[in-house]
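Heads up, the thing below is written out as structure tokens.
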Number of protein chains: 2
Amino acid sequence: MPVGEFELIDQYFRPPADKPDGAGVVLGIGDDAAIVEPDPEQQLVVAADTLVSGVHFPEGADPEFVGERSLRVNLSDIAAMGATPAWFTLSLTLPQDWSEQERGDWVAGFSRGLRRVSEAFKCPLIGGDTTSGPLNIAIQMIAQVPPGQALRRDGAAVGDFVLVTHTLGDGAAALASFTDSAVFSDEQRDYLSQRFYCPEPRIKESVILRALASSAQDVSDGLLADLGHICAASDVGAEVDVESLPISAAAQAPGQAQGRQWALSGGDDYELVFTLHPDKMPEFAMAQARGEIQASVIGRIVAGAGVHCLLDDQPYSVEAEGFRHF
Amino acid sequence: MPVGEFELIDQYFRPPADKPDGAGVVLGIGDDAAIVEPDPEQQLVVAADTLVSGVHFPEGADPEFVGERSLRVNLSDIAAMGATPAWFTLSLTLPQDWSEQERGDWVAGFSRGLRRVSEAFKCPLIGGDTTSGPLNIAIQMIAQVPPGQALRRDGAAVGDFVLVTHTLGDGAAALASFTDSAVFSDEQRDYLSQRFYCPEPRIKESVILRALASSAQDVSDGLLADLGHICAASDVGAEVDVESLPISAAAQAPGQAQGRQWALSGGDDYELVFTLHPDKMPEFAMAQARGEIQASVIGRIVAGAGVHCLLDDQPYSVEAEGFRHF
């Protein structure tokens with residue numbers, strides 16, 4: 001345990017005195033473990049996601065942004081299940097070679113970003129630990145969902161429509177804009193940076209989708225990979241109309257073809273990809289018209305296996321995009 | 001996400017077909033998140049603890065031992081609360097520069113150790129993630145406890161006895177035996193290595209202590225630090241009789257004085273330190289006589305603050321032991 005762990009936690013991670021722990025927290029930060037009281041009528045949804053410096057965010061990134069992003073990408077896993085976030089824990093590994101000053105500055109910024117998201121989603125930090133080593137942020141989420149209503153990967157059926165929320169490709173475009181900025185305007189760079197560090201977990205949308213979608217998944221590894229997970233779990237295939245992909249102007253700054261590649265294989269978008277039985281389309285359209293959800297039809301579920309892309313009814317090939325490093 | 005994440009999870013972390021997920025698991029490994037059904041009559045206890053290579057275990061340590069230790073130290077946090085383990089998630093960061101072969105070999109051993117402990121404590125792995133970066137193992141535990149019965153740090157009162165389970169100092173002695181082995185016999189080295197890699201989470205004992213102890217904490221940072229947490233949370237002080245400390249022969253191999261220093265400040269023991277009101281001593285003694293718990297009285301709670309050590313009624317000074325690195 002690093003010197004100063006308790007001081008760090010006390011100073012930066014405890015809830016302020018005027019803002020108590022939040023609903024269901026019996027014992028928050030400070031003991032060996034936290035005690036919470038879930039709603040006895042609901043099931044628990046549990047997820048964990050890790051961010052590594054130099055892998056999931058650039059080394060030297062603003063710690064406040066890193067804090068924002070860390071919690072947001074974890075909340076996205078919860079959105080993918082149609083659940084309501086309840087509490088989270090944080091396992092924070094901080095570099096041994098940082099001075100007390102560096103450590104304090106970083107944690108101050110990080111905890112500010114984290115708290116902002118935590119408060120916005122009413123999902124308090126209840127515990128965890130800090131330790132020494134290469135910078136690593138592991139977050140574990142606990143959420144709640146009415147029994148049997150969670151969105152899963154294994155419910156897609158032949159004939160279902162495939163939809164995605166908002167736009168795809170911004171995550172990959174943001175990564176490109178961090179290193180090759182000449183292609184993007186200042187405004188586009190700002191927009192992409194915001195999309196990268198502050199992805200919007202589609203919690204609100206996913207609660208609506210509980211009653212509508214036959215399957216759902218968040219787009220973290222890229223549309224093809226993530227829709228592929230739905231296909232594999234549901235034992236079906238999918239066709240994607242490349243022309244229908246919703247792509248922002250910023251993600252198409254280097255050209256439409258690049259934008260499409262990013263939308264298909266880029267990842268880091270944290271939008272939802274989901275499937276709808278045709279009978280559910282009218283109800284979905286009403287929700288869309290009421291402004292409760294924004295999503296586009298991009299394809300359909302077919303018999304077979306795997307995801308196939310079509311442009312003008314011809315197969316469309318996608319460059320495999322490997323794992324990225326900064 | 002590293003290439004091969006899904007294969008790794010499928011191959012090593014999914015429960016075998018003949019051993020289903022376990023009690024309360026509605027949806028285990030494989031979706032965006034797991035779904036579990038807690039006992040509606042109980043509260044949830046949530047803890048998280050991280051192990052970093054080169055900090056919490058030697059670099060190059062047998063991955064099977066690392067798997068054992070990772071889950072055991074996390075279970076120890078649950079024991080400190082008097083709770084019953086239910087489920088856990090794993091956030092596993094594996095070095096980018098490992099070959100597929102190295103990665104596979106390490107995960108095979110690690111998952112074997114993890115599963116052995118998971119099965120022994122009926123606490124299944126329900127989810128998590130694997131990612132690339134410097135080796136880091138973050139585990140989050142979810143446990144259950146009847147409402148109001150959790151052991152906490154803040155219940156110690158003046159006049160209570162202070163006790164610890166089994167022996168102290170083995171964790172620190174083990175670390176010494178890894179590098180300076182001449183002092184220890186082969187048998188002692190084996191014993192200490194076992195105590196280090198396979199600490200016994202005192203789950204069984206802690207369930208008995210629910211009805212007896214006024215406070216409890218596991219000894220991970222060292223007795224003085226951990227008993228200090230009880231004192232701070234309970235607004236009391238403590239006196240420790242150095243002569244009463246239970247110390248194994250192995251931990252005293254370099255001499256009694258060294259053994260005592262390790263027992264007081266060494267850490268990594270994962271025993272329980274707890275306090276008992278004198279009225280509870282008879283019931284405790286009966287449980288001890290029945291073999292349900294083994295613990296020694298090492299001191300008492302006094303008015304004031306902080307932990308004071310006494311030997312032959314004289315103040316006994318303890319070397320501050322800083323944070324260790326391998």
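Identifiers in this document derive from the order of the structure tokens: chains are assigned A, B, ..., residues are numbered from 1 separately in each chain, and ligands are numbered from 1 in order of occurrence.
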
Got a sec to pull out which chain A residues are within 6 Å of chain B, counting only C-alpha atoms, and send them as a count of residues only?
17

Chain fit of chain B to chain A, all Cα atoms, as a CSV table (one decimal) with C-alpha atoms, in the first residue's frame:
chain,number,residue,atom,x,y,z
B,1,MET,CA,-0.1,0.0,-0.1
B,2,PRO,CA,1.5,3.2,-1.1
B,3,VAL,CA,2.2,5.9,1.5
B,4,GLY,CA,-0.7,8.4,1.3
B,5,GLU,CA,-3.4,6.0,0.2
B,6,PHE,CA,-5.7,7.0,3.0
B,7,GLU,CA,-5.0,10.7,2.6
B,8,LEU,CA,-5.7,10.4,-1.1
B,9,ILE,CA,-9.0,8.6,-0.6
B,10,ASP,CA,-10.1,11.0,2.2
B,11,GLN,CA,-9.2,14.1,0.3
B,12,TYR,CA,-10.5,13.2,-3.2
B,13,PHE,CA,-12.8,10.2,-3.2
B,14,ARG,CA,-15.1,10.6,-0.2
B,15,PRO,CA,-18.4,12.3,-0.9
B,16,PRO,CA,-18.5,15.9,0.3
B,17,ALA,CA,-20.3,16.2,3.7
B,18,ASP,CA,-23.2,18.0,2.1
B,19,LYS,CA,-23.7,15.2,-0.5
B,20,PRO,CA,-24.2,11.9,1.3
B,21,ASP,CA,-23.4,8.6,-0.3
B,22,GLY,CA,-26.6,8.1,-2.2
B,23,ALA,CA,-29.5,5.7,-2.4
B,24,GLY,CA,-28.9,2.3,-0.9
B,25,VAL,CA,-25.5,2.9,0.6
B,26,VAL,CA,-25.3,1.6,4.2
B,27,LEU,CA,-21.5,2.0,4.5
B,28,GLY,CA,-19.5,3.8,1.9
B,29,ILE,CA,-15.8,4.4,1.5
B,30,GLY,CA,-13.5,3.8,4.5
B,31,ASP,CA,-14.0,0.2,5.8
B,32,ASP,CA,-12.6,-3.1,4.4
B,33,ALA,CA,-15.7,-3.2,2.1
B,34,ALA,CA,-18.8,-1.2,1.4
B,35,ILE,CA,-22.3,-2.3,2.4
B,36,VAL,CA,-25.3,-1.6,0.1
B,37,GLU,CA,-28.9,-2.5,0.0
B,38,PRO,CA,-30.2,-3.4,-3.5
B,39,ASP,CA,-33.9,-3.2,-4.4
B,40,PRO,CA,-35.1,-6.7,-3.5
B,41,GLU,CA,-37.4,-6.7,-6.5
B,42,GLN,CA,-34.6,-6.3,-9.0
B,43,GLN,CA,-31.8,-8.4,-10.4
B,44,LEU,CA,-28.2,-7.1,-10.3
B,45,VAL,CA,-26.1,-6.4,-13.4
B,46,VAL,CA,-22.4,-6.4,-12.8
B,47,ALA,CA,-19.7,-5.3,-15.3
B,48,ALA,CA,-16.0,-4.4,-15.1
B,49,ASP,CA,-13.8,-2.5,-17.6
B,50,THR,CA,-10.2,-1.4,-17.4
B,51,LEU,CA,-8.4,1.6,-18.9
B,52,VAL,CA,-4.6,1.5,-19.3
B,53,SER,CA,-2.5,4.6,-19.9
B,54,GLY,CA,-1.0,4.5,-23.4
B,55,VAL,CA,-3.6,2.0,-24.6
B,56,HIS,CA,-7.0,3.3,-23.8
B,57,PHE,CA,-6.1,7.0,-23.5
B,58,PRO,CA,-2.9,8.9,-24.6
B,59,GLU,CA,-0.2,9.1,-22.0
B,60,GLY,CA,-0.2,12.6,-20.5
B,61,ALA,CA,-4.0,13.0,-21.1
B,62,ASP,CA,-5.8,15.5,-18.9
B,63,PRO,CA,-6.7,13.4,-15.8
B,64,GLU,CA,-10.1,15.1,-15.6
B,65,PHE,CA,-10.9,13.8,-19.0
B,66,VAL,CA,-9.6,10.4,-18.1
B,67,GLY,CA,-11.8,10.3,-15.0
B,68,GLU,CA,-14.8,11.3,-17.2
B,69,ARG,CA,-14.1,8.7,-19.8
B,70,SER,CA,-13.3,5.9,-17.3
B,71,LEU,CA,-16.7,6.0,-15.7
B,72,ARG,CA,-18.6,6.7,-19.0
B,73,VAL,CA,-17.2,3.6,-20.8
B,74,ASN,CA,-18.2,1.5,-17.8
B,75,LEU,CA,-21.7,3.0,-17.7
B,76,SER,CA,-21.9,2.1,-21.4
B,77,ASP,CA,-21.7,-1.6,-20.5
B,78,ILE,CA,-24.6,-1.1,-18.2
B,79,ALA,CA,-26.6,0.7,-20.9
B,80,ALA,CA,-25.9,-2.3,-23.2
B,81,MET,CA,-27.9,-4.4,-20.6
B,82,GLY,CA,-30.8,-2.0,-20.3
B,83,ALA,CA,-30.0,-1.6,-16.6
B,84,THR,CA,-30.0,1.4,-14.2
B,85,PRO,CA,-26.6,2.2,-12.6
B,86,ALA,CA,-26.5,1.9,-8.8
B,87,TRP,CA,-22.9,1.9,-7.4
B,88,PHE,CA,-19.3,1.5,-8.6
B,89,THR,CA,-15.9,0.6,-7.1
B,90,LEU,CA,-12.5,1.8,-8.4
B,91,SER,CA,-9.2,-0.1,-8.4
B,92,LEU,CA,-6.6,2.7,-9.1
B,93,THR,CA,-3.0,1.9,-9.8
B,94,LEU,CA,-0.7,5.0,-9.7
B,95,PRO,CA,2.9,5.1,-11.0
B,96,GLN,CA,5.5,4.6,-8.3
B,97,ASP,CA,7.8,7.2,-9.8
B,98,TRP,CA,5.3,10.0,-9.4
B,99,SER,CA,6.1,12.5,-6.7
B,100,GLU,CA,3.5,13.2,-4.0
B,101,GLN,CA,2.8,16.4,-5.9
B,102,GLU,CA,2.3,14.7,-9.3
B,103,ARG,CA,0.1,12.1,-7.6
B,104,GLY,CA,-2.0,14.6,-5.8
B,105,ASP,CA,-2.5,16.8,-8.9
B,106,TRP,CA,-3.4,13.8,-11.1
B,107,VAL,CA,-5.9,12.4,-8.6
B,108,ALA,CA,-7.4,15.8,-8.0
B,109,GLY,CA,-8.3,16.1,-11.7
B,110,PHE,CA,-9.2,12.5,-12.1
B,111,SER,CA,-11.6,12.5,-9.2
B,112,ARG,CA,-13.2,15.7,-10.4
B,113,GLY,CA,-14.0,14.1,-13.7
B,114,LEU,CA,-15.2,10.9,-12.1
B,115,ARG,CA,-17.4,12.7,-9.6
B,116,ARG,CA,-19.1,14.8,-12.3
B,117,VAL,CA,-20.2,11.7,-14.1
B,118,SER,CA,-21.0,9.8,-10.9
B,119,GLU,CA,-23.3,12.6,-9.9
B,120,ALA,CA,-24.9,13.0,-13.3
B,121,PHE,CA,-25.8,9.3,-13.4
B,122,LYS,CA,-26.6,9.1,-9.6
B,123,CYS,CA,-24.1,6.3,-9.3
B,124,PRO,CA,-21.8,6.8,-6.3
B,125,LEU,CA,-18.3,5.4,-5.7
B,126,ILE,CA,-18.6,3.1,-2.7
B,127,GLY,CA,-15.1,1.6,-2.4
B,128,GLY,CA,-12.0,0.1,-4.0
B,129,ASP,CA,-8.3,0.5,-3.5
B,130,THR,CA,-5.3,2.5,-4.7
B,131,THR,CA,-2.0,0.9,-5.2
B,132,SER,CA,1.4,1.5,-6.9
B,133,GLY,CA,2.4,0.4,-10.4
B,134,PRO,CA,1.9,1.4,-14.0
B,135,LEU,CA,-1.2,3.7,-14.4
B,136,ASN,CA,-4.3,1.4,-14.5
B,137,ILE,CA,-7.9,2.2,-13.9
B,138,ALA,CA,-10.3,-0.7,-13.2
B,139,ILE,CA,-13.9,0.1,-12.5
B,140,GLN,CA,-16.6,-2.3,-11.5
B,141,MET,CA,-20.2,-1.3,-11.9
B,142,ILE,CA,-23.3,-2.6,-10.1
B,143,ALA,CA,-26.6,-1.8,-11.7
B,144,GLN,CA,-30.2,-3.0,-11.3
B,145,VAL,CA,-32.8,-4.3,-13.8
B,146,PRO,CA,-36.3,-5.8,-13.3
B,147,PRO,CA,-36.1,-9.6,-13.5
B,148,GLY,CA,-36.0,-11.0,-17.0
B,149,GLN,CA,-35.9,-7.5,-18.7
B,150,ALA,CA,-32.2,-7.2,-19.3
B,151,LEU,CA,-31.0,-6.7,-22.8
B,152,ARG,CA,-28.8,-9.5,-23.9
B,153,ARG,CA,-26.8,-10.5,-27.0
B,154,ASP,CA,-28.6,-13.8,-27.6
B,155,GLY,CA,-32.1,-12.7,-28.7
B,156,ALA,CA,-31.7,-11.6,-32.3
B,157,ALA,CA,-33.8,-13.4,-34.9
B,158,VAL,CA,-33.9,-13.7,-38.7
B,159,GLY,CA,-35.9,-10.8,-40.1
B,160,ASP,CA,-35.1,-8.3,-37.2
B,161,PHE,CA,-33.8,-4.9,-38.2
B,162,VAL,CA,-30.4,-3.8,-37.0
B,163,LEU,CA,-30.1,-0.2,-35.6
B,164,VAL,CA,-27.5,1.9,-34.0
B,165,THR,CA,-27.9,5.0,-31.8
B,166,HIS,CA,-26.5,8.4,-33.0
B,167,THR,CA,-23.3,8.2,-35.1
B,168,LEU,CA,-20.5,5.7,-35.5
B,169,GLY,CA,-16.8,6.3,-36.3
B,170,ASP,CA,-16.2,9.3,-34.0
B,171,GLY,CA,-14.1,7.2,-31.6
B,172,ALA,CA,-11.6,6.1,-34.3
B,173,ALA,CA,-11.6,9.6,-35.9
B,174,ALA,CA,-10.8,11.1,-32.5
B,175,LEU,CA,-7.8,8.9,-32.2
B,176,ALA,CA,-6.6,9.9,-35.7
B,177,SER,CA,-7.2,13.6,-34.8
B,178,PHE,CA,-4.9,13.3,-31.8
B,179,THR,CA,-1.9,12.4,-33.9
B,180,ASP,CA,-2.7,13.5,-37.5
B,181,SER,CA,-4.6,16.7,-36.9
B,182,ALA,CA,-4.0,18.5,-40.2
B,183,VAL,CA,-7.1,16.8,-41.8
B,184,PHE,CA,-9.5,18.1,-39.2
B,185,SER,CA,-10.7,21.6,-38.5
B,186,ASP,CA,-10.4,23.0,-35.0
B,187,GLU,CA,-14.1,22.6,-34.5
B,188,GLN,CA,-13.9,19.0,-35.7
B,189,ARG,CA,-11.0,18.3,-33.4
B,190,ASP,CA,-12.9,19.7,-30.4
B,191,TYR,CA,-16.0,17.7,-31.3
B,192,LEU,CA,-14.1,14.5,-31.7
B,193,SER,CA,-12.1,15.0,-28.5
B,194,GLN,CA,-15.4,15.6,-26.7
B,195,ARG,CA,-16.9,12.4,-28.2
B,196,PHE,CA,-13.7,10.4,-27.2
B,197,TYR,CA,-13.4,11.7,-23.6
B,198,CYS,CA,-17.1,12.2,-22.8
B,199,PRO,CA,-18.9,9.4,-24.7
B,200,GLU,CA,-22.6,9.4,-23.7
B,201,PRO,CA,-23.6,6.2,-22.1
B,202,ARG,CA,-27.1,5.5,-23.6
B,203,ILE,CA,-28.7,4.6,-20.3
B,204,LYS,CA,-31.9,6.5,-21.0
B,205,GLU,CA,-32.3,4.9,-24.5
B,206,SER,CA,-31.5,1.5,-23.2
B,207,VAL,CA,-34.3,1.6,-20.6
B,208,ILE,CA,-36.7,2.3,-23.5
B,209,LEU,CA,-35.2,-0.5,-25.5
B,210,ARG,CA,-35.9,-3.1,-22.7
B,211,ALA,CA,-39.5,-3.4,-24.0
B,212,LEU,CA,-38.5,-3.2,-27.7
B,213,ALA,CA,-35.2,-4.7,-28.6
B,214,SER,CA,-34.5,-8.4,-29.1
B,215,SER,CA,-30.8,-7.9,-28.5
B,216,ALA,CA,-28.3,-5.1,-27.7
B,217,GLN,CA,-24.6,-4.5,-27.2
B,218,ASP,CA,-22.5,-1.4,-26.9
B,219,VAL,CA,-20.1,-0.5,-29.7
B,220,SER,CA,-16.7,-0.6,-28.0
B,221,ASP,CA,-14.7,-2.8,-30.3
B,222,GLY,CA,-16.2,-1.6,-33.5
B,223,LEU,CA,-19.6,-2.3,-35.1
B,224,LEU,CA,-18.5,-5.4,-37.0
B,225,ALA,CA,-17.0,-7.0,-34.0
B,226,ASP,CA,-19.8,-6.0,-31.7
B,227,LEU,CA,-22.6,-6.9,-34.0
B,228,GLY,CA,-20.7,-10.1,-34.6
B,229,HIS,CA,-21.1,-10.9,-30.9
B,230,ILE,CA,-24.8,-10.5,-31.2
B,231,CYS,CA,-24.8,-12.8,-34.3
B,232,ALA,CA,-22.6,-15.4,-32.6
B,233,ALA,CA,-24.7,-15.4,-29.4
B,234,SER,CA,-28.0,-15.5,-31.3
B,235,ASP,CA,-26.8,-18.0,-34.0
B,236,VAL,CA,-27.7,-15.8,-36.9
B,237,GLY,CA,-25.9,-13.6,-39.5
B,238,ALA,CA,-26.3,-9.9,-40.3
B,239,GLU,CA,-26.2,-7.7,-43.4
B,240,VAL,CA,-25.2,-4.1,-43.0
B,241,ASP,CA,-26.0,-1.4,-45.6
B,242,VAL,CA,-22.9,0.7,-45.7
B,243,GLU,CA,-24.8,3.6,-47.2
B,244,SER,CA,-27.1,3.7,-44.1
B,245,LEU,CA,-24.3,4.1,-41.6
B,246,PRO,CA,-24.8,7.3,-39.6
B,247,ILE,CA,-21.5,9.1,-39.6
B,248,SER,CA,-20.7,12.6,-38.4
B,249,ALA,CA,-19.2,15.2,-40.7
B,250,ALA,CA,-16.0,15.2,-38.5
B,251,ALA,CA,-15.5,11.5,-38.9
B,252,GLN,CA,-15.8,12.0,-42.7
B,253,ALA,CA,-13.3,14.8,-42.8
B,254,PRO,CA,-10.6,12.6,-44.4
B,255,GLY,CA,-13.2,11.3,-46.9
B,256,GLN,CA,-16.3,9.3,-47.0
B,257,ALA,CA,-14.5,6.0,-47.5
B,258,GLN,CA,-12.3,6.5,-44.4
B,259,GLY,CA,-15.4,7.6,-42.4
B,260,ARG,CA,-17.1,4.3,-43.3
B,261,GLN,CA,-14.1,2.2,-42.4
B,262,TRP,CA,-14.0,3.9,-39.0
B,263,ALA,CA,-17.8,3.5,-38.5
B,264,LEU,CA,-17.5,-0.2,-39.3
B,265,SER,CA,-14.3,-1.2,-37.5
B,266,GLY,CA,-13.1,1.7,-35.4
B,267,GLY,CA,-14.6,1.1,-32.0
B,268,ASP,CA,-14.6,3.4,-29.0
B,269,ASP,CA,-18.0,4.8,-30.0
B,270,TYR,CA,-20.0,3.6,-27.0
B,271,GLU,CA,-23.2,3.8,-29.0
B,272,LEU,CA,-25.7,0.9,-28.8
B,273,VAL,CA,-26.2,-1.5,-31.6
B,274,PHE,CA,-29.5,-3.4,-31.2
B,275,THR,CA,-32.1,-5.5,-33.1
B,276,LEU,CA,-35.8,-4.9,-33.4
B,277,HIS,CA,-38.5,-7.3,-34.5
B,278,PRO,CA,-40.5,-5.7,-37.4
B,279,ASP,CA,-43.6,-5.6,-35.2
B,280,LYS,CA,-41.8,-3.3,-32.8
B,281,MET,CA,-40.9,-0.7,-35.4
B,282,PRO,CA,-44.1,1.4,-35.0
B,283,GLU,CA,-43.6,1.7,-31.2
B,284,PHE,CA,-39.9,2.4,-31.8
B,285,ALA,CA,-40.8,5.1,-34.4
B,286,MET,CA,-43.1,6.7,-31.8
B,287,ALA,CA,-40.4,6.8,-29.2
B,288,GLN,CA,-38.0,8.3,-31.8
B,289,ALA,CA,-40.6,10.9,-32.8
B,290,ARG,CA,-41.1,11.9,-29.1
B,291,GLY,CA,-37.3,12.5,-29.0
B,292,GLU,CA,-36.7,9.7,-26.4
B,293,ILE,CA,-34.2,7.9,-28.6
B,294,GLN,CA,-32.3,8.6,-31.8
B,295,ALA,CA,-31.2,5.6,-33.9
B,296,SER,CA,-30.9,4.6,-37.5
B,297,VAL,CA,-31.7,1.3,-39.3
B,298,ILE,CA,-28.4,0.0,-40.7
B,299,GLY,CA,-29.3,-3.5,-41.7
B,300,ARG,CA,-31.1,-6.7,-41.0
B,301,ILE,CA,-30.6,-10.1,-39.3
B,302,VAL,CA,-30.3,-13.0,-41.8
B,303,ALA,CA,-29.9,-16.7,-41.6
B,304,GLY,CA,-26.3,-17.9,-41.5
B,305,ALA,CA,-23.4,-16.5,-39.5
B,306,GLY,CA,-21.2,-13.4,-39.4
B,307,VAL,CA,-21.6,-9.8,-40.5
B,308,HIS,CA,-21.7,-8.9,-44.2
B,309,CYS,CA,-21.4,-5.4,-45.5
B,310,LEU,CA,-23.1,-4.3,-48.7
B,311,LEU,CA,-22.8,-1.2,-50.8
B,312,ASP,CA,-25.0,-0.8,-53.9
B,313,ASP,CA,-25.9,-4.5,-53.3
B,314,GLN,CA,-22.2,-5.5,-53.7
B,315,PRO,CA,-20.1,-6.9,-51.0
B,316,TYR,CA,-18.1,-4.2,-49.3
B,317,SER,CA,-14.7,-5.0,-47.9
B,318,VAL,CA,-13.5,-3.7,-44.6
B,319,GLU,CA,-9.9,-3.3,-43.6
B,320,ALA,CA,-9.2,-5.2,-40.5
B,321,GLU,CA,-8.3,-2.8,-37.8
B,322,GLY,CA,-6.0,-4.2,-35.2
B,323,PHE,CA,-5.5,-3.2,-31.6
B,324,ARG,CA,-4.4,0.4,-31.3
B,325,HIS,CA,-1.6,1.9,-29.3
B,326,PHE,CA,-0.9,5.5,-28.8

Could you please write out, as a PyMOL selection string, every residue of segment 136-207 of chain A that DSSP assigns to helix (DSSP H, G or I)?
chain A and resi 170-179+181-183+186-197+203-207
